[in-house]
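A.B. asks: Below you will find the structure I want to go over with you.
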Amino acid sequence: MKPRVTADQHLLDSQRRSEWKQKDAWRTLRILSEFVDGFDTLSDVGSAVAVFGSARTKQGSEGYLLAERVGAALAAEGYAVITGGGPGVMEAANKGASEAGGESIGLGIELPFEQGVNDYVDIGLDFRYFFVRKTMFVKYAQAFIVLPGGFGTMDELFEALTLVQTKKVTQFPVVLMGTEYWGGLVDWMRDRMLEDGMVNAQDIDMLLVTDDVTEAVAHVVKGAAAVKDAD
Ligand SMILES: C/C(=C\CNc1ncnc2c1ncn2[C@@H]1O[C@H](COP(=O)(O)O)[C@@H](O)[C@H]1O)CO
């Protein structure tokens with residue numbers, strides 16, 4: 001199947017900039033409507049945690065089963081689970097949450113190849129624009145739990161870290177699940193970023209790196225309690 005041109009590509013592809021020069025102003029209305037749809041659909045969602053991770057994690061694999069357990073544990077604590085609505089870790093976390101009787105939310109993204117949200121999403125939205133969708137994750141989740149993943153996962157992780165570091169969001173726990181996978185990155189942050197003065201120790205200390213689902217969820221619950229105390 002020929003990849004379709006997505007709305008994000010129309011907006012961002014520099015080669016098309018002059019061709020679309022007159023139309024970008026009008027495209028803002030479409031962007032606005034996407035924000036309105038998102039806010040409208042998600043404003044009634046209670047406490048929620050976003051779970052991120054690879055779209056390529058295979059069904060039944062260790063990573064998939066871990067994400068299922070994370071989804072189920074969050075649901076058991078009364079959290080809605082928000083994912084990118086796709087396959088892999090997203091599907092597994094939605095499955096775990098849905099099968100545990102929790103609220104399972106998928107914020108899908110228009111991609112060049114048709115996909116739709118996974119079968120375990122109870123509340124689903126499809127976004128044309130990545131940046132609108134990213135706003136929803138941060139606005140409607142009280143914490144991020146991040147499983148092993150690639151560029152998309154890194155983007156979501158580092159956006160959260162930047163927002164916390166710059167105090168655009170406060171009291172926002174970020175958990176990295178998988179000490180083996182994440183250990184090298186966190187070591188590099190300490191040995192290189194911190195050593196070279198690119199970040200502060202507290203920027204790195206805000207990350208919890210664990211293999212333990214119970215510890216991950218307890219960290220999220222503790223973060224939520226701190227927000228309540230601060231209110
Ligand atoms: C590549 C495959 C499917 C792509 N489908 C996706 N659907 C929804 N969200 C996605 C998809 N791919 C990436 N994302 C977002 O990025 C994160 C995962 O990216 P990674 O590069 O795989 O780590 C994820 O949390 C999504 O929000 C396979 O068929």
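As shown in the structure tokens, the chain order sets the letters A, B, ...; within each chain, residues go from 1, and ligands are also counted from 1 in the order they appear.
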At a cut-off of 9 Å around ligand 1, and using only C-alpha atoms and all ligand atoms, what residues come up? Please write them as JSON, numbers by chain.

C.D. replies: {"A": [50, 51, 52, 53, 54, 55, 56, 57, 83, 84, 85, 86, 87, 88, 89, 90, 106, 107, 108, 109, 110, 111, 113, 115, 116, 117, 118, 130, 133, 134, 146, 147, 148, 149, 150, 151, 152, 153, 154, 155, 156]}

A.B. asks: Check the smallest atom-to-atom distance from each of A:Ala67, A:Ile82, A:Gly183, A:Leu194 to Met136 (chain A) using only C-alpha atoms, then report the winner.

C.D. replies: A:Ile82

A.B. asks: Just the alpha helix (DSSP H) stuff from chain A, please, per backbone DSSP, written as number ranges by chain.

C.D. replies: A: 7-12, 24-42, 62-76, 89-99, 130-140, 151-165, 179-188, 201-205, 213-230

A.B. asks: Could you give me, as a VMD selection string, the residues within 6 Å of region 205-212 of chain A, counting only C-alpha atoms and dropping anything in the same chain fewer than 3 positions from it?

C.D. replies: chain A and resid 174 to 179 202 215

A.B. asks: Kindly give the distance, in Å, that separates CA of Phe172 (chain A) and CA of Ala143 (chain A), rounded to a single decimal.

C.D. replies: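 We find that CA of Phe172 (chain A) and CA of Ala143 (chain A) lie 5.3 Å from each other.
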
A.B. asks: Which residues, written as a PyMOL selection string, have at least one atom at most 12 Å from Glu103 (chain A), with only C-alpha atoms counted and residues fewer than 5 positions away on the same chain left out?

C.D. replies: chain A and resi 42+44-50+71-72+74-83+93-98+120-124

A.B. asks: Hey, can you spit out that residue selection with C-alpha atoms as a PDB file, in the first residue's frame?

C.D. replies:
ATOM      1  CA  LEU A  42     -10.823  13.819  28.166  1.00  0.00           C
ATOM      2  CA  ASP A  44     -14.148  13.885  32.534  1.00  0.00           C
ATOM      3  CA  VAL A  45     -11.328  11.387  32.926  1.00  0.00           C
ATOM      4  CA  GLY A  46     -10.293  10.932  36.565  1.00  0.00           C
ATOM      5  CA  SER A  47      -6.744  10.339  37.748  1.00  0.00           C
ATOM      6  CA  ALA A  48      -4.717   8.880  34.919  1.00  0.00           C
ATOM      7  CA  VAL A  49      -1.236   7.659  34.115  1.00  0.00           C
ATOM      8  CA  ALA A  50       0.263   7.545  30.636  1.00  0.00           C
ATOM      9  CA  GLY A  71      -1.852  -1.446  33.048  1.00  0.00           C
ATOM     10  CA  ALA A  72      -3.598  -3.844  35.422  1.00  0.00           C
ATOM     11  CA  LEU A  74      -2.686   1.075  37.624  1.00  0.00           C
ATOM     12  CA  ALA A  75      -6.321   0.085  37.113  1.00  0.00           C
ATOM     13  CA  ALA A  76      -6.327  -1.670  40.496  1.00  0.00           C
ATOM     14  CA  GLU A  77      -5.209   1.636  42.079  1.00  0.00           C
ATOM     15  CA  GLY A  78      -8.067   3.433  40.328  1.00  0.00           C
ATOM     16  CA  TYR A  79      -6.018   5.101  37.594  1.00  0.00           C
ATOM     17  CA  ALA A  80      -7.149   5.378  34.013  1.00  0.00           C
ATOM     18  CA  VAL A  81      -4.427   4.264  31.610  1.00  0.00           C
ATOM     19  CA  ILE A  82      -3.627   6.510  28.667  1.00  0.00           C
ATOM     20  CA  THR A  83      -1.484   5.232  25.795  1.00  0.00           C
ATOM     21  CA  ALA A  93      -1.035  -1.543  28.752  1.00  0.00           C
ATOM     22  CA  ASN A  94      -4.549  -0.935  27.395  1.00  0.00           C
ATOM     23  CA  LYS A  95      -5.249  -4.689  27.600  1.00  0.00           C
ATOM     24  CA  GLY A  96      -4.053  -4.909  31.199  1.00  0.00           C
ATOM     25  CA  ALA A  97      -6.135  -1.907  32.233  1.00  0.00           C
ATOM     26  CA  SER A  98      -9.264  -2.928  30.366  1.00  0.00           C
ATOM     27  CA  TYR A 120      -8.342  -2.779  24.094  1.00  0.00           C
ATOM     28  CA  VAL A 121      -9.057   0.930  23.939  1.00  0.00           C
ATOM     29  CA  ASP A 122     -12.390   1.934  25.514  1.00  0.00           C
ATOM     30  CA  ILE A 123     -12.070   5.671  24.921  1.00  0.00           C
ATOM     31  CA  GLY A 124     -10.227   6.394  21.701  1.00  0.00           C
TER      32      GLY A 124
END

A.B. asks: Report as a ChimeraX atom specification all protein, DNA and RNA residues lying within 12 Å of Thr170 (chain A), evaluated on only C-alpha atoms, omitting residues in the same chain fewer than 5 positions from it.

C.D. replies: /A:138-139,142-143,160-165,206,223-224,226-227,230

A.B. asks: Taking only C-alpha atoms into account, name the residue in A:Thr214, A:Thr6, A:Ser33, A:Ser104 that is nearest to Arg69 (chain A).

C.D. replies: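 Counting only C-alpha atoms, the residue closest to Arg69 (chain A) is A:Thr214.
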
A.B. asks: Run DSSP on the backbone and tell me which residues of chain A come out as strand (DSSP E); list them as number ranges by chain.

C.D. replies: A: 48-52, 80-83, 104-109, 123-127, 143-146, 174-177, 207-210

A.B. asks: Selection from above, N, CA and C atoms, as an mmCIF file, in the first residue's frame, can you write it?

C.D. replies:
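Wrote it out as out_25.cif, contents follow:
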data_model
loop_
_atom_site.group_PDB
_atom_site.id
_atom_site.type_symbol
_atom_site.label_atom_id
_atom_site.label_comp_id
_atom_site.auth_asym_id
_atom_site.auth_seq_id
_atom_site.Cartn_x
_atom_site.Cartn_y
_atom_site.Cartn_z
ATOM 1 N N ALA A 48 -5.193 9.721 36.027
ATOM 2 C CA ALA A 48 -4.717 8.880 34.919
ATOM 3 C C ALA A 48 -3.200 8.869 34.867
ATOM 4 N N VAL A 49 -2.679 7.787 34.333
ATOM 5 C CA VAL A 49 -1.236 7.659 34.115
ATOM 6 C C VAL A 49 -1.024 7.274 32.658
ATOM 7 N N ALA A 50 -0.063 7.913 32.014
ATOM 8 C CA ALA A 50 0.263 7.545 30.636
ATOM 9 C C ALA A 50 1.360 6.491 30.642
ATOM 10 N N VAL A 51 1.170 5.472 29.831
ATOM 11 C CA VAL A 51 2.166 4.405 29.696
ATOM 12 C C VAL A 51 2.713 4.457 28.268
ATOM 13 N N PHE A 52 4.035 4.579 28.172
ATOM 14 C CA PHE A 52 4.679 4.664 26.862
ATOM 15 C C PHE A 52 5.614 3.484 26.656
ATOM 16 N N ALA A 80 -6.927 5.630 35.435
ATOM 17 C CA ALA A 80 -7.149 5.378 34.013
ATOM 18 C C ALA A 80 -5.775 5.262 33.360
ATOM 19 N N VAL A 81 -5.700 4.436 32.321
ATOM 20 C CA VAL A 81 -4.427 4.264 31.610
ATOM 21 C C VAL A 81 -4.544 4.917 30.231
ATOM 22 N N ILE A 82 -3.628 5.826 29.965
ATOM 23 C CA ILE A 82 -3.627 6.510 28.667
ATOM 24 C C ILE A 82 -2.400 6.049 27.882
ATOM 25 N N THR A 83 -2.617 5.612 26.662
ATOM 26 C CA THR A 83 -1.484 5.232 25.795
ATOM 27 C C THR A 83 -1.648 5.912 24.435
ATOM 28 N N SER A 104 -9.533 2.528 29.943
ATOM 29 C CA SER A 104 -8.435 2.314 29.004
ATOM 30 C C SER A 104 -8.573 3.292 27.833
ATOM 31 N N ILE A 105 -7.611 4.189 27.752
ATOM 32 C CA ILE A 105 -7.725 5.295 26.796
ATOM 33 C C ILE A 105 -6.589 5.208 25.775
ATOM 34 N N GLY A 106 -6.902 5.423 24.523
ATOM 35 C CA GLY A 106 -5.877 5.404 23.477
ATOM 36 C C GLY A 106 -5.933 6.671 22.649
ATOM 37 N N LEU A 107 -4.813 7.399 22.634
ATOM 38 C CA LEU A 107 -4.746 8.617 21.832
ATOM 39 C C LEU A 107 -3.926 8.301 20.588
ATOM 40 N N GLY A 108 -4.621 7.884 19.544
ATOM 41 C CA GLY A 108 -3.945 7.444 18.321
ATOM 42 C C GLY A 108 -3.422 8.620 17.510
ATOM 43 N N ILE A 109 -2.587 8.296 16.542
ATOM 44 C CA ILE A 109 -2.013 9.328 15.680
ATOM 45 C C ILE A 109 -2.159 8.875 14.222
ATOM 46 N N ILE A 123 -11.862 4.287 25.383
ATOM 47 C CA ILE A 123 -12.070 5.671 24.921
ATOM 48 C C ILE A 123 -10.929 5.978 23.950
ATOM 49 N N GLY A 124 -11.278 6.186 22.702
ATOM 50 C CA GLY A 124 -10.227 6.394 21.701
ATOM 51 C C GLY A 124 -10.394 7.705 20.953
ATOM 52 N N LEU A 125 -9.274 8.320 20.661
ATOM 53 C CA LEU A 125 -9.277 9.552 19.862
ATOM 54 C C LEU A 125 -8.170 9.404 18.836
ATOM 55 N N ASP A 126 -8.374 9.905 17.649
ATOM 56 C CA ASP A 126 -7.317 9.876 16.643
ATOM 57 C C ASP A 126 -6.874 11.288 16.331
ATOM 58 N N PHE A 127 -5.593 11.544 16.483
ATOM 59 C CA PHE A 127 -5.073 12.897 16.251
ATOM 60 C C PHE A 127 -4.355 12.974 14.914
ATOM 61 N N ALA A 143 1.190 11.189 35.743
ATOM 62 C CA ALA A 143 2.541 10.607 35.772
ATOM 63 C C ALA A 143 2.759 9.847 34.471
ATOM 64 N N PHE A 144 4.030 9.612 34.148
ATOM 65 C CA PHE A 144 4.376 8.785 32.983
ATOM 66 C C PHE A 144 5.111 7.540 33.477
ATOM 67 N N ILE A 145 4.723 6.389 32.962
ATOM 68 C CA ILE A 145 5.517 5.178 33.159
ATOM 69 C C ILE A 145 6.016 4.762 31.768
ATOM 70 N N VAL A 146 7.328 4.648 31.650
ATOM 71 C CA VAL A 146 7.927 4.467 30.323
ATOM 72 C C VAL A 146 8.636 3.120 30.251
ATOM 73 N N VAL A 174 8.043 10.411 36.918
ATOM 74 C CA VAL A 174 8.400 9.717 35.669
ATOM 75 C C VAL A 174 9.150 8.445 36.063
ATOM 76 N N VAL A 175 8.596 7.310 35.657
ATOM 77 C CA VAL A 175 9.178 6.016 36.017
ATOM 78 C C VAL A 175 9.684 5.329 34.759
ATOM 79 N N LEU A 176 10.911 4.837 34.821
ATOM 80 C CA LEU A 176 11.451 4.032 33.728
ATOM 81 C C LEU A 176 11.402 2.572 34.158
ATOM 82 N N MET A 177 10.642 1.769 33.447
ATOM 83 C CA MET A 177 10.532 0.342 33.780
ATOM 84 C C MET A 177 11.554 -0.445 32.964
ATOM 85 N N LEU A 207 13.984 10.760 38.194
ATOM 86 C CA LEU A 207 13.611 9.511 37.515
ATOM 87 C C LEU A 207 13.671 8.339 38.481
ATOM 88 N N LEU A 208 12.630 7.517 38.507
ATOM 89 C CA LEU A 208 12.726 6.238 39.211
ATOM 90 C C LEU A 208 12.947 5.159 38.159
ATOM 91 N N VAL A 209 14.001 4.386 38.322
ATOM 92 C CA VAL A 209 14.277 3.286 37.392
ATOM 93 C C VAL A 209 14.061 1.988 38.152
ATOM 94 N N THR A 210 13.174 1.159 37.673
ATOM 95 C CA THR A 210 12.826 -0.053 38.418
ATOM 96 C C THR A 210 12.350 -1.166 37.483
#

A.B. asks: Report as a list in words all protein, DNA and RNA residues lying within 8 Å of Val186 (chain A), evaluated on only C-alpha atoms, omitting residues in the same chain fewer than 4 positions from it.

C.D. replies: Trp182, Arg190 and Ile204 of chain A

A.B. asks: In terms of the shortest atom-to-atom distance over only C-alpha atoms, which of A:Glu180, A:Pro112, A:Leu65, A:Gly197 is closest to Gln9 (chain A)?

C.D. replies: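 Closest to Gln9 (chain A) of all the choices is A:Pro112.
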
A.B. asks: If I take CA of Val217 (chain A) and CA of Val70 (chain A), how far is one from the other in Å, to one decimal?

C.D. replies: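 Between these atoms lies a distance of 7.8 Å.
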
A.B. asks: A:Ala216, A:Ala73, A:Leu12, A:Leu185: which is nearest Phe158 (chain A), counting only C-alpha atoms?

C.D. replies: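 Of A:Ala216, A:Ala73, A:Leu12, A:Leu185, the one nearest Phe158 (chain A) is A:Leu185, counting only C-alpha atoms.
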
A.B. asks: Under the rule that only C-alpha atoms are counted, which of A:Ser61, A:Glu114, A:Asp24, A:Thr41 is the nearest residue to Ala92 (chain A)?

C.D. replies: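 Closest to Ala92 (chain A) of all the choices is A:Ser61.
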
A.B. asks: Rank A:Gly63, A:Gln171, A:Ala100, A:Asn200 by their smallest atom-to-atom distance to Val221 (chain A), using only C-alpha atoms, and report the top residue only.

C.D. replies: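 When distances to Val221 (chain A) are compared using only C-alpha atoms, the smallest one comes from A:Gln171.
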
A.B. asks: What does the distance from CA of Ala141 (chain A) to CA of Asp40 (chain A) come to in Å, to one decimal?

C.D. replies: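 Interatomic distance, CA of Ala141 (chain A) to CA of Asp40 (chain A): 15.3 Å.
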